[in-house]
Every structure is written in C-alpha cells, then in structure tokens.
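Worksheet: the structure to be examined is printed underneath.
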Amino acid sequence: MKKGQVLEGYIERVDFPNKGFAVVEDEEKKVIVKNTIPEQKVRFAVNKIRKGQAEGRLLEILEHSPEECQPACPHFGVCGGCTYQNLPYEKQVEMKEAQIHAMMDAAVDGDYIWEGVKESPVREAYRNKMEFSFGDEYKDGPLALGMHKRGSFHDIVNVTECKIVDEDFRRIIKAVLEFATDTGLPYYHRMRHTGFFRHLLVRKAVRTGEILIDLVTTSEAQLDEARLVEKLTGLSYDGKLAGILHTTNNSLADVVKDEGTKILYGQDYFYEELLGLKFKITPFSFFQTNSLGAEVLYEAARSYIGETKDKVIFDLYSGTGTIAQILAPVAKKVVGVEIVEEAVEAAKENAALNGLDNCTFWAGDVLKVIDDLGEVPDLIVLDPPRDGVHPKALEKIIDFGVERMVYIACKPTSLARDLEMLQGRGYQVERIGCVDLFPSTEHVETVVLLSQQKPDDTIEIDLDLDELDATSAELKATYQEIKDYVLKEFGLKVSSLYISQVKRKCGIEVGENYNLPKSENARVPQCPKEKEDAIKAALKYFAMI
C-alpha cells in the first residue's frame, strides 16, 4: 500500500470520532476512511501512512449501506458541518452508543452502570448558535458565506438551506451575504492575511426567540453600518431581533476573536430560559448550543450529583453559570470558576436575575484560581472544554477528596484520558450516560459519576480462620453468626475485618494471622462507631464479653 494509491474497500465499522475502517481485498491492514458509515463500499485515495496505519480520503461511495436514508439537507456531503444525515436518527444514536460504550469499557476499571444515550428532544433546527465563515466557493470564485467544505481549509459552502438551524438563521445568512457582495469588499484570506469580511455569528434563544447578530471583520476597511442595520432590521423574523453588533478581529488565527465590539442596534445580549431559570447570554460566552438538549443534560447531571443539602459545590469551567444555578436552590453554596471574564459577569447577573444569593463566580484559569477560592467543596462538577482538564489542575481537584464528582465531557477521548488519573487516585466510576446534543454529527455529551473510595468501600481481605488458633471465646459464635445478628438487629452489614478489630478492642484474643493485609502498605479501613457498637452488642448477646 502506497501513498496516493486509489483503492476500494468495505466499511467494517466506525469508531469515534467518525473513523471508518475499510477492509481492502488482498491487503492485510485496514484503512481509516472518514465520513463513511458501516456496510458502505467506497473508493478512496491513500493520503497518509503513519506508524503502519493507513488513512484514506473518500472519493466515491460505490455501494450504499442498507441503513442509509436520503439526507434532508441539500448541502450534505459537500458541507463539513454534518456527518450522519444519511442515517436515520435512531441509527445515529445506536452507533454513538456503541462507540462511547466501547471506549468507556476500555477506560474504566471494574464494573459501572451504563445508561446509554438519551436522544435530543429536537433533531432539526436545534442549534442556538452558529459561526459562519466568509470565503470563496472555489479559488478566485464568488464570495461565499457558510461552512467549510468537507476536507477543505479554504473553500466555503453557501449553506442557505442548512437544516440544523431554523429559518431565521437562513434569512440572516442570505441577507448578510447579499450585503457583503454589494459592498465589493474582499473576504479575509487566511493565508495572505488580507481582506475584510471574516465571520458571521448568529445566536437565537429557543424559549424567548431573541436573536443576536454579530458581523466580524478586520479593520482594513470601513463598514457601512447604517446599510447593514437597514438590511437586517428590514427582515421578517419568526423570533425577535435583540441586537446587531460589529466585532473587529485582526488576529492571524482563523477563529472568532473579540478585539472590540460595537453595538449597531439594540443590545449586546439576549435571554434564554432553561429548567425554569433565566440566563443572560452575551456574544462570546459559553452556552450549550442545543437549549432543549441542555435541559436533558443538566437534569442528568443533577440526578448524578445526588444529595446536595448543606453541601458546598464547585462548578468548574462554569460558563455563564448554568449548572451552578440549577444546583444552587438545593445546595448550601455553589462556587463557579470560568476563564472567560465576560461569561463570569453574565453568570453573576444571571444569579441575581434568578434571586440566587448562594452563588459566587471567579474569573480565571481553574489551575491558577482553585488555590484562592477559600472554600473546601463537598461535591465537584467538571464541565471542561474539549481538551479536558489540565493534568496539574486535575491533581488539585483530586486533592480536595470530595466524596462525589460529576464530569461532563463534550469529547469522550479527553474524558477517557482524565479517568485514568482519577481512578489512579482512588475514584471509582459509578455511572455513565450520554446525551445527544448534536444530531447529524459525530459528537455527543457524556456524563460520569465518580465516587471516592472510602474505608467502607474497601475490599475486605479475609483469610480462612485457622482452627488451631481459635480461642475458646471465638468458638462461642462464628464470624458469620455475628454478621447475621448485626444485620438482623441493626440493619448493618459488617465485615470480618471489623469484627476482629472490635474483638481486639474488647480484649478477645484473635488468631495471630487473621485478617492481616496482604501487603505492607495496604490501607486498612477502621470500623465506624455505629458498626462497632452493633458488633459489641452481638458479642454480649453471644456471651463473649
């Protein structure tokens, strides 16, 4: 197999994220071909061979999978935004569940409860935020505004019929493209670093219907602000236009970066409602892009965190404070930490808006801020960015030793990496579930409940009682009889280790080698007071003390 070679293969399986494995006749190794689904026969060009693993670029689908359906979006296959619109939604969820379940099985030590994937309440027009890019449809072609073409860094696809947003988004993108074309000004060229138009950011609340529009340009030319406002305010919306903004961005990176934002019309924020709470959202603050799906996600997280009464909770990577405020009504105090200062200010306003006085929010990197919070948490919620938690920050988080931790991950591979450290430091995975916030794409949110292994959770080390070492007192009642008595009278389960500890305290001789740990450094749990009293009562009942 050589680079540049064109081959045909049958897609055997698809691993996360979107890695199809093609079986090629007369070839010993399988080739990774993205943007495929199981049971397709495809033609592809080998474009990379690294450490013995070949990767190919999809050229043509020769035979469709029997599971395939007709995609609803006319841009599918050309636009790089969606991956699985050619699969029925139930099959998308089924594939995501198989991928993440297999990944978690490999990452988790021991048994855990797998709760599958909860479906998104909406499957089309679910996004409340989109970032569209300016460019050309092909080299030196007409101006385009939309998404990157699949597999291309340069070419842009006009997505005027995009199905993961609603009609208001489509009206806005058409109007802004017309406006930009009429000006005759060039788009910002990502390689030459020249030009004017860069991005269009659109946000819309599902519950309130409020819309925020932000045109992002360089400072290379003057924007005709009045004409833009006239164009956008003249549209007929299903929702309500809250604000039109102009952001300047001269950075070299191809990202939406705020280097100064001016309000051209209305205001620079809007409101969304989740689970009975109201949230103020600004242009660049983090908020889940699927509002109705976010409610399902946060309900799952709330159920995982469990009892919160009189507890101090840390909400790390808190964004606009959504999770913090959902937990605050049933907690003693919630402390949020978020690196985006604009989001922190919005979180503070949101807490006041919802009448919550037991939330505090800190602006800064979790790694740097966590030492200065002045609080010791009882519970921790982690909702980090795609790269997961910085290892040094994770060390500090683990050092708090909280009994329960909920980790919400938008990238399961980062989660799997972080679980290795968490489990190595004594945390056990109890439950894992997913919520599909991104229909038609390969992405999915994963929620994990971890608990700290306390002495009661420690595996007992029982050696058979050496009858030659048994004392006359021990022969009055067996360890099992003592366990049965304590369970019946007090409703408590006690271990042989705990019984031997209490016996020693009461002066009862115990076999010399009974219940000793197998290694010198083993952690030996000590019997809790409640169980000690119950064991003593059993010893009295059997006339052993």
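Please note that chains go A, B, ... in the order of the structure tokens, that every chain numbers its residues from 1, and that ligands are numbered from 1 in the order shown.
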Practice problem: For range 64-71 of chain A, please output as a list in words all residues within 8 Å (counting only C-alpha atoms; exclusion window: fewer than 6 positions along the same chain). | Solution: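 Listed by chain and then number, they are Ile37, Pro38, Glu39, Gln40, Lys41, Gln85, Asn86, Leu87, Pro88 and Lys91 of chain A.
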Quiz prompt | Contacts of Ala106 in chain A within 12 Å, only C-alpha atoms, excl. fewer than 2 positions in-chain, as a ChimeraX atom specification | solution = /A:99-104,108-112,412-413,415-417,419-420
Self-check item: Within 8 Å of Leu59 in chain A using only C-alpha atoms, minus same-chain residues under 4 positions, as a list in words
Solution: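 So, after excluding close chain neighbours, the residues are Val42, Arg43, Phe44 and Ala45 of chain A.
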Quiz prompt | Backbone-only DSSP, alpha helix (DSSP H) members of range 258-413 of chain A, as an MDAnalysis selection string | solution = chainID A and resid 291:305 322:327 341:353 366:369 391:399 412:413
Quiz item: So what do you get for CA of Glu530 in chain A versus CA of Val494 in chain A, distance-wise?
Solution: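 Those two atoms sit 10.4 Å apart.
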